[in-house]
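Coordinates as given in final05.cif (mmCIF, C-alpha atoms):
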data_start
loop_
_atom_site.label_atom_id
_atom_site.label_comp_id
_atom_site.auth_asym_id
_atom_site.auth_seq_id
_atom_site.Cartn_x
_atom_site.Cartn_y
_atom_site.Cartn_z
CA GLN I 65 0.00 0.00 0.00
CA PHE I 66 2.96 2.33 0.66
CA PRO I 67 5.76 1.26 -1.72
CA GLN I 68 7.87 4.24 -0.66
CA LEU I 69 7.87 3.04 2.96
CA GLU I 70 10.29 0.49 4.36
CA VAL I 71 9.83 -0.50 8.00
CA ILE I 72 12.98 -1.89 9.59
CA THR I 73 12.47 -3.60 12.92
CA ASP I 74 15.90 -3.62 14.47
CA ASP I 75 18.08 -2.35 17.29
CA PHE I 76 19.72 0.85 16.07
CA MET I 77 22.77 0.18 18.19
CA ARG I 78 23.32 -3.07 16.28
CA TRP I 79 22.33 -1.74 12.88
CA ARG I 80 25.43 -1.81 10.69
CA LYS I 81 24.14 -0.41 7.41
CA LYS I 82 26.79 1.65 5.71
CA GLU I 83 26.24 5.31 4.90
CA LYS I 84 25.78 4.62 1.18
CA ASP I 85 22.94 2.21 1.99
CA LEU I 86 20.82 4.75 3.87
CA VAL I 87 19.09 5.55 0.58
CA PRO I 88 19.21 2.40 -1.62
CA PRO I 89 19.91 2.89 -5.35
CA GLY I 90 16.67 3.16 -7.32
CA SER I 91 14.72 4.36 -4.30
CA CYS I 92 12.04 6.99 -4.90
CA ILE I 93 14.00 9.27 -2.57
CA GLU I 94 17.39 8.64 -4.14
CA GLY I 95 19.35 11.89 -4.22
CA THR I 96 17.34 13.32 -1.32
CA ARG I 97 18.89 13.99 2.07
CA LEU I 98 16.94 12.33 4.86
CA LYS I 99 15.52 13.79 8.04
CA VAL I 100 15.73 11.79 11.25
CA VAL I 101 12.94 12.24 13.79
CA ALA I 102 13.27 10.28 17.01
CA ASN I 103 12.55 10.10 20.72
CA LEU I 104 15.84 8.92 22.19
CA PRO I 105 16.40 7.01 25.42
CA TYR I 106 18.82 8.91 27.66
CA ASN I 107 21.36 6.11 27.88
CA ILE I 108 22.04 5.99 24.12
CA THR I 109 21.64 9.67 23.17
CA SER I 110 25.35 10.39 22.85
CA GLU I 111 26.11 7.17 20.99
CA VAL I 112 23.30 7.72 18.48
CA LEU I 113 24.56 11.24 17.85
CA LYS I 114 28.11 9.98 17.31
CA ARG I 115 26.81 7.71 14.56
CA LEU I 116 24.46 10.17 12.86
CA LEU I 117 26.29 13.50 13.06
CA PRO I 118 28.96 12.59 10.44
CA LEU I 119 26.31 11.65 7.86
CA GLY I 120 25.59 15.14 6.61
CA ASP I 121 25.82 14.10 2.97
CA GLN I 122 22.93 11.68 3.55
CA ILE I 123 20.97 13.39 6.34
CA SER I 124 20.00 17.07 6.43
CA ASP I 125 18.40 17.35 9.87
CA LEU I 126 17.99 15.53 13.16
CA VAL I 127 14.88 16.37 15.17
CA LEU I 128 15.20 14.67 18.52
CA MET I 129 13.32 14.39 21.78
CA VAL I 130 15.78 13.94 24.62
CA GLN I 131 15.89 14.47 28.36
CA PHE I 132 15.97 18.16 29.23
CA GLU I 133 19.29 17.85 31.05
CA ALA I 134 20.83 16.16 28.01
CA ALA I 135 19.48 18.92 25.77
CA GLU I 136 21.14 21.55 27.95
CA ARG I 137 24.48 19.74 27.75
CA LEU I 138 24.24 19.22 23.99
CA ILE I 139 22.94 22.62 22.93
CA SER I 140 23.50 25.19 25.65
CA SER I 141 26.87 24.22 27.13
CA SER I 142 29.84 26.19 25.90
CA ALA I 143 33.54 26.38 26.64
CA GLY I 144 34.05 27.08 30.32
CA ASP I 145 30.82 25.42 31.45
CA GLY I 146 30.88 22.44 33.80
CA ASP I 147 28.73 20.44 31.35
CA TYR I 148 31.06 21.07 28.40
CA ARG I 149 32.48 17.75 27.20
CA PRO I 150 33.67 15.89 24.07
CA ILE I 151 30.12 15.43 22.70
CA SER I 152 29.73 19.23 22.84
CA VAL I 153 32.76 19.61 20.57
CA ARG I 154 31.49 16.87 18.24
CA VAL I 155 28.04 18.49 17.92
CA ASN I 156 29.57 21.82 16.89
CA PHE I 157 32.06 20.16 14.54
CA TYR I 158 29.38 18.39 12.49
CA SER I 159 26.24 20.51 12.86
CA LYS I 160 24.41 23.68 13.77
CA PRO I 161 22.38 22.74 16.87
CA SER I 162 19.25 24.48 18.13
CA PHE I 163 17.08 24.17 21.22
CA VAL I 164 13.42 24.13 20.14
CA ARG I 165 11.37 23.77 23.30
CA LYS I 166 11.10 22.19 26.70
CA VAL I 167 8.50 19.44 27.11
CA ASP I 168 7.02 19.13 30.58
CA LYS I 169 7.08 15.64 32.02
CA SER I 170 3.28 15.81 32.44
CA SER I 171 3.02 15.66 28.63
CA TYR I 172 4.21 12.05 28.65
CA PHE I 173 2.35 8.88 29.52
CA PRO I 174 3.31 7.24 31.70
CA GLU I 175 4.80 10.33 33.30
CA PRO I 176 8.59 10.09 33.74
CA ALA I 177 10.63 11.63 36.53
CA VAL I 178 12.22 14.33 34.37
CA ASP I 179 11.25 16.83 31.69
CA GLY I 180 12.11 16.40 28.03
CA ALA I 181 13.13 18.75 25.26
CA VAL I 182 13.05 18.93 21.46
CA VAL I 183 16.37 19.78 19.84
CA THR I 184 17.46 19.98 16.21
CA PHE I 185 20.78 19.53 14.47
CA LYS I 186 21.27 20.86 10.95
CA LEU I 187 24.00 18.59 9.66
CA LEU I 188 26.87 19.93 7.61
CA ARG I 189 27.84 18.26 4.36
CA SER I 190 31.34 16.80 4.13
CA ALA I 191 32.48 19.82 2.12
CA GLU I 192 31.26 22.10 4.92
CA ILE I 193 32.88 20.43 7.92
CA PRO I 194 36.37 21.51 9.02
CA GLN I 195 39.06 19.97 6.84
CA VAL I 196 41.02 18.20 9.51
CA ASP I 197 41.59 14.50 10.11
CA ALA I 198 38.41 13.80 12.10
CA GLU I 199 39.68 10.54 13.59
CA ARG I 200 42.85 12.14 14.93
CA PHE I 201 40.95 15.25 15.98
CA PHE I 202 38.43 13.40 18.15
CA LYS I 203 41.17 11.16 19.53
CA MET I 204 42.87 14.35 20.73
CA VAL I 205 39.62 15.80 22.13
CA GLY I 206 38.84 12.54 23.94
CA ALA I 207 42.30 12.44 25.46
CA ALA I 208 42.02 16.10 26.46
CA PHE I 209 38.92 15.39 28.55
CA THR I 210 40.34 12.33 30.31
CA SER I 211 40.64 14.45 33.44
CA LYS I 212 38.82 17.79 33.33
CA ARG I 213 40.70 19.03 36.38
CA LYS I 214 44.13 18.51 34.88
CA MET I 215 45.81 20.89 32.48
CA LEU I 216 45.33 20.12 28.82
CA LYS I 217 49.06 19.76 28.18
CA ASN I 218 49.26 16.96 30.75
CA ASN I 219 46.23 15.05 29.49
CA LEU I 220 47.58 14.93 25.93
CA GLN I 221 50.70 13.04 27.06
CA GLN I 222 48.72 9.79 26.76
CA ILE I 223 48.58 10.16 22.96
CA GLY I 224 52.24 11.06 22.64
CA TYR I 225 52.36 14.84 22.88
CA HIS I 226 54.98 16.31 25.20
CA PRO I 227 53.61 18.93 27.65
CA VAL I 228 56.12 21.48 26.35
CA GLN I 229 54.94 20.87 22.78
CA VAL I 230 51.30 21.40 23.78
CA GLY I 231 52.12 24.41 25.92
CA GLU I 232 53.98 26.09 23.07
CA ALA I 233 51.11 25.34 20.68
CA LEU I 234 48.62 26.90 23.10
CA GLU I 235 50.77 29.98 23.49
CA ALA I 236 51.06 30.26 19.69
CA LEU I 237 47.27 30.48 19.63
CA GLY I 238 47.24 33.20 22.26
CA LEU I 239 46.06 30.81 24.98
CA SER I 240 47.49 30.06 28.39
CA MET I 241 49.73 27.03 28.89
CA THR I 242 47.54 26.17 31.90
CA GLN I 243 44.30 25.76 29.90
CA ARG I 244 41.91 23.07 31.14
CA PRO I 245 40.09 20.88 28.57
CA ASN I 246 36.68 22.49 29.04
CA GLN I 247 38.06 25.97 28.31
CA LEU I 248 38.64 25.54 24.56
CA THR I 249 35.96 26.01 21.92
CA CYS I 250 35.57 23.61 18.99
CA ASP I 251 37.39 26.12 16.76
CA GLN I 252 40.25 26.43 19.24
CA TYR I 253 40.60 22.64 19.42
CA MET I 254 40.83 22.56 15.62
CA GLN I 255 43.44 25.31 15.65
CA LEU I 256 45.36 23.38 18.29
CA GLN I 257 45.25 20.22 16.16
CA VAL I 258 46.58 22.10 13.13
CA THR I 259 49.33 23.73 15.19
CA LEU I 260 50.35 20.40 16.71
CA ASP I 261 50.36 18.79 13.26
CA GLN I 262 52.85 21.41 12.13
CA THR I 263 55.23 20.18 14.82
CA ALA I 264 56.25 16.59 15.51
CA ALA I 265 53.10 14.42 15.22
CA PRO I 266 52.59 11.64 17.77
#

In structure tokens, how does this file's structure come out?
Amino acid sequence: QFPQLEVITDDFMRWRKKEKDLVPPGSCIEGTRLKVVANLPYNITSEVLKRLLPLGDQISDLVLMVQFEAAERLISSSAGDGDYRPISVRVNFYSKPSFVRKVDKSSYFPEPAVDGAVVTFKLLRSAEIPQVDAERFFKMVGAAFTSKRKMLKNNLQQIGYHPVQVGEALEALGLSMTQRPNQLTCDQYMQLQVTLDQTAAP
């Protein structure tokens, strides 16, 4: 009755379709970027985003219902905030996020213990995302946040950067050698990666 509709009953966390298979060849929507609309469980929100955010050539928008606290961390947190973390950097690397509205817990049935929120992510195409090695970049960001209380130059030792090397790179960017990981914006992390790449790579 609906030839343009394909219902896939599966666990998203186990779904291994490749990016090129999101829109099968010959499909009536071939050449069209998809929109993802979902109500996400709290415990997989970050992991789902990690998988979907890089697919900007296939997906134009994510419209998600998430827990209100998660929405604040994803959309509203910025460098210097206590909630600023690697997923915050990833969101801004791959998309333009927006907070749409808060959804009171009384709107749900059965009523949960916390409020929800609707958030959107306008995904960037591959030509629009920063032209850095994404794998190495997020490896550096992940290492940087290993201990939020430690200085950035010390955290990056675990991936082979010497503290002096990192400190000099930070100073070259006009930043303090004592920067903590949650004090750098996504753009500053990218600048740091480029500056470190111009010196001895790990």

- Query: Quick one: distance from atom CA of I:Gln195 to atom CA of I:Leu220 in Å, one decimal?
  - Reply: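 Result for atom CA of I:Gln195 versus atom CA of I:Leu220: 21.5 Å, one decimal.
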
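Minimum distance to I:Leu260 across I:Leu98, I:Val230, I:Ile139, I:Leu117 (counting all atoms listed in the file) occurs at I:Val230.
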
- Task: Figure out the distance between atom CA of I:Asp145 and atom CA of I:Ser240, please, to one decimal in Å.
- Result: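 Atom-to-atom, atom CA of I:Ser240 to atom CA of I:Asp145, that is 17.6 Å.
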
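Between atom CA of I:Gln257 and atom CA of I:Leu234 there is a distance of 10.2 Å.
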
- Item | I:Gln229, I:Asn156, I:Ser124, I:Gln221 ranked by distance to I:Tyr253, top pick (using only C-alpha atoms) |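 Smallest separation from I:Tyr253 among the options: I:Asn156.
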
- Query: Between I:Val182, I:Arg97, I:Pro105, I:Val196, which is the closest to I:Leu138 once you count all atoms listed in the file?
  - Reply: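 The answer is I:Val182, which sits nearest to I:Leu138.
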
Quick one: residues within 8 Å of I:Lys169, all atoms listed in the file, excluding same-chain residues fewer than 5 positions away - as a compact mmCIF listing (two decimals) with C-alpha atoms, in the coordinates of the input?
# COMPACT_ATOMS: atom_id res chain seq x y z
CA GLU I 175 4.80 10.33 33.30
CA PRO I 176 8.59 10.09 33.74
CA ALA I 177 10.63 11.63 36.53
CA VAL I 178 12.22 14.33 34.37
CA ASP I 179 11.25 16.83 31.69
CA GLY I 180 12.11 16.40 28.03

- Message: Excluding I:Glu111 and its own-chain neighbours fewer than 6 positions away, which residues fall within 12 Å of it when counting only C-alpha atoms? Please give them as a list in words.
- Response: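 Selected residues are Phe76, Met77, Arg78, Leu104, Pro105, Leu117, Pro150, Ile151, Arg154 and Val155 of chain I.
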
- Message: Please determine, counting all atoms listed in the file, which residue among I:Gln122, I:Gln247, I:Thr263, I:Thr184 has the shortest atom-to-atom distance to I:Ser162.
- Response: I:Thr184

- Query: In terms of the shortest atom-to-atom distance over all atoms listed in the file, which of I:Leu128, I:Leu256, I:Val205, I:Ala198 is closest to I:Glu235?
  - Reply: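 Answer, going by the shortest atom-to-atom distance: I:Leu256.
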
- Residues matched by the PyMOL selection byres ((chain I and resi 144) around 10), written as an MDAnalysis selection string: chainID I and resid 141:143 145:149 244:249

- Message: For this structure, which residues satisfy the selection - the PyMOL selection byres ((chain I and resi 186-194) around 6) - when it is evaluated on the file as given? I want them as a PyMOL selection string.
- Response: chain I and resi 120-121+124-125+158-160+185+195-196

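Using only C-alpha atoms, the shortest contact distance between I:Ala236 and any of I:Val258, I:Leu126, I:Ile72, I:Ala102 is found at I:Val258.
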
Could you list the residues chosen by the PyMOL selection byres ((chain I and resi 213) around 12) in this structure as a compact mmCIF listing (two decimals) with C-alpha atoms, keeping the file's coordinate frame?
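Done, and the output landed in result_21.txt:
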# COMPACT_ATOMS: atom_id res chain seq x y z
CA GLY I 146 30.88 22.44 33.80
CA ALA I 208 42.02 16.10 26.46
CA PHE I 209 38.92 15.39 28.55
CA THR I 210 40.34 12.33 30.31
CA SER I 211 40.64 14.45 33.44
CA LYS I 212 38.82 17.79 33.33
CA LYS I 214 44.13 18.51 34.88
CA MET I 215 45.81 20.89 32.48
CA LEU I 216 45.33 20.12 28.82
CA LYS I 217 49.06 19.76 28.18
CA ASN I 218 49.26 16.96 30.75
CA ASN I 219 46.23 15.05 29.49
CA THR I 242 47.54 26.17 31.90
CA GLN I 243 44.30 25.76 29.90
CA ARG I 244 41.91 23.07 31.14
CA PRO I 245 40.09 20.88 28.57
CA ASN I 246 36.68 22.49 29.04
CA GLN I 247 38.06 25.97 28.31
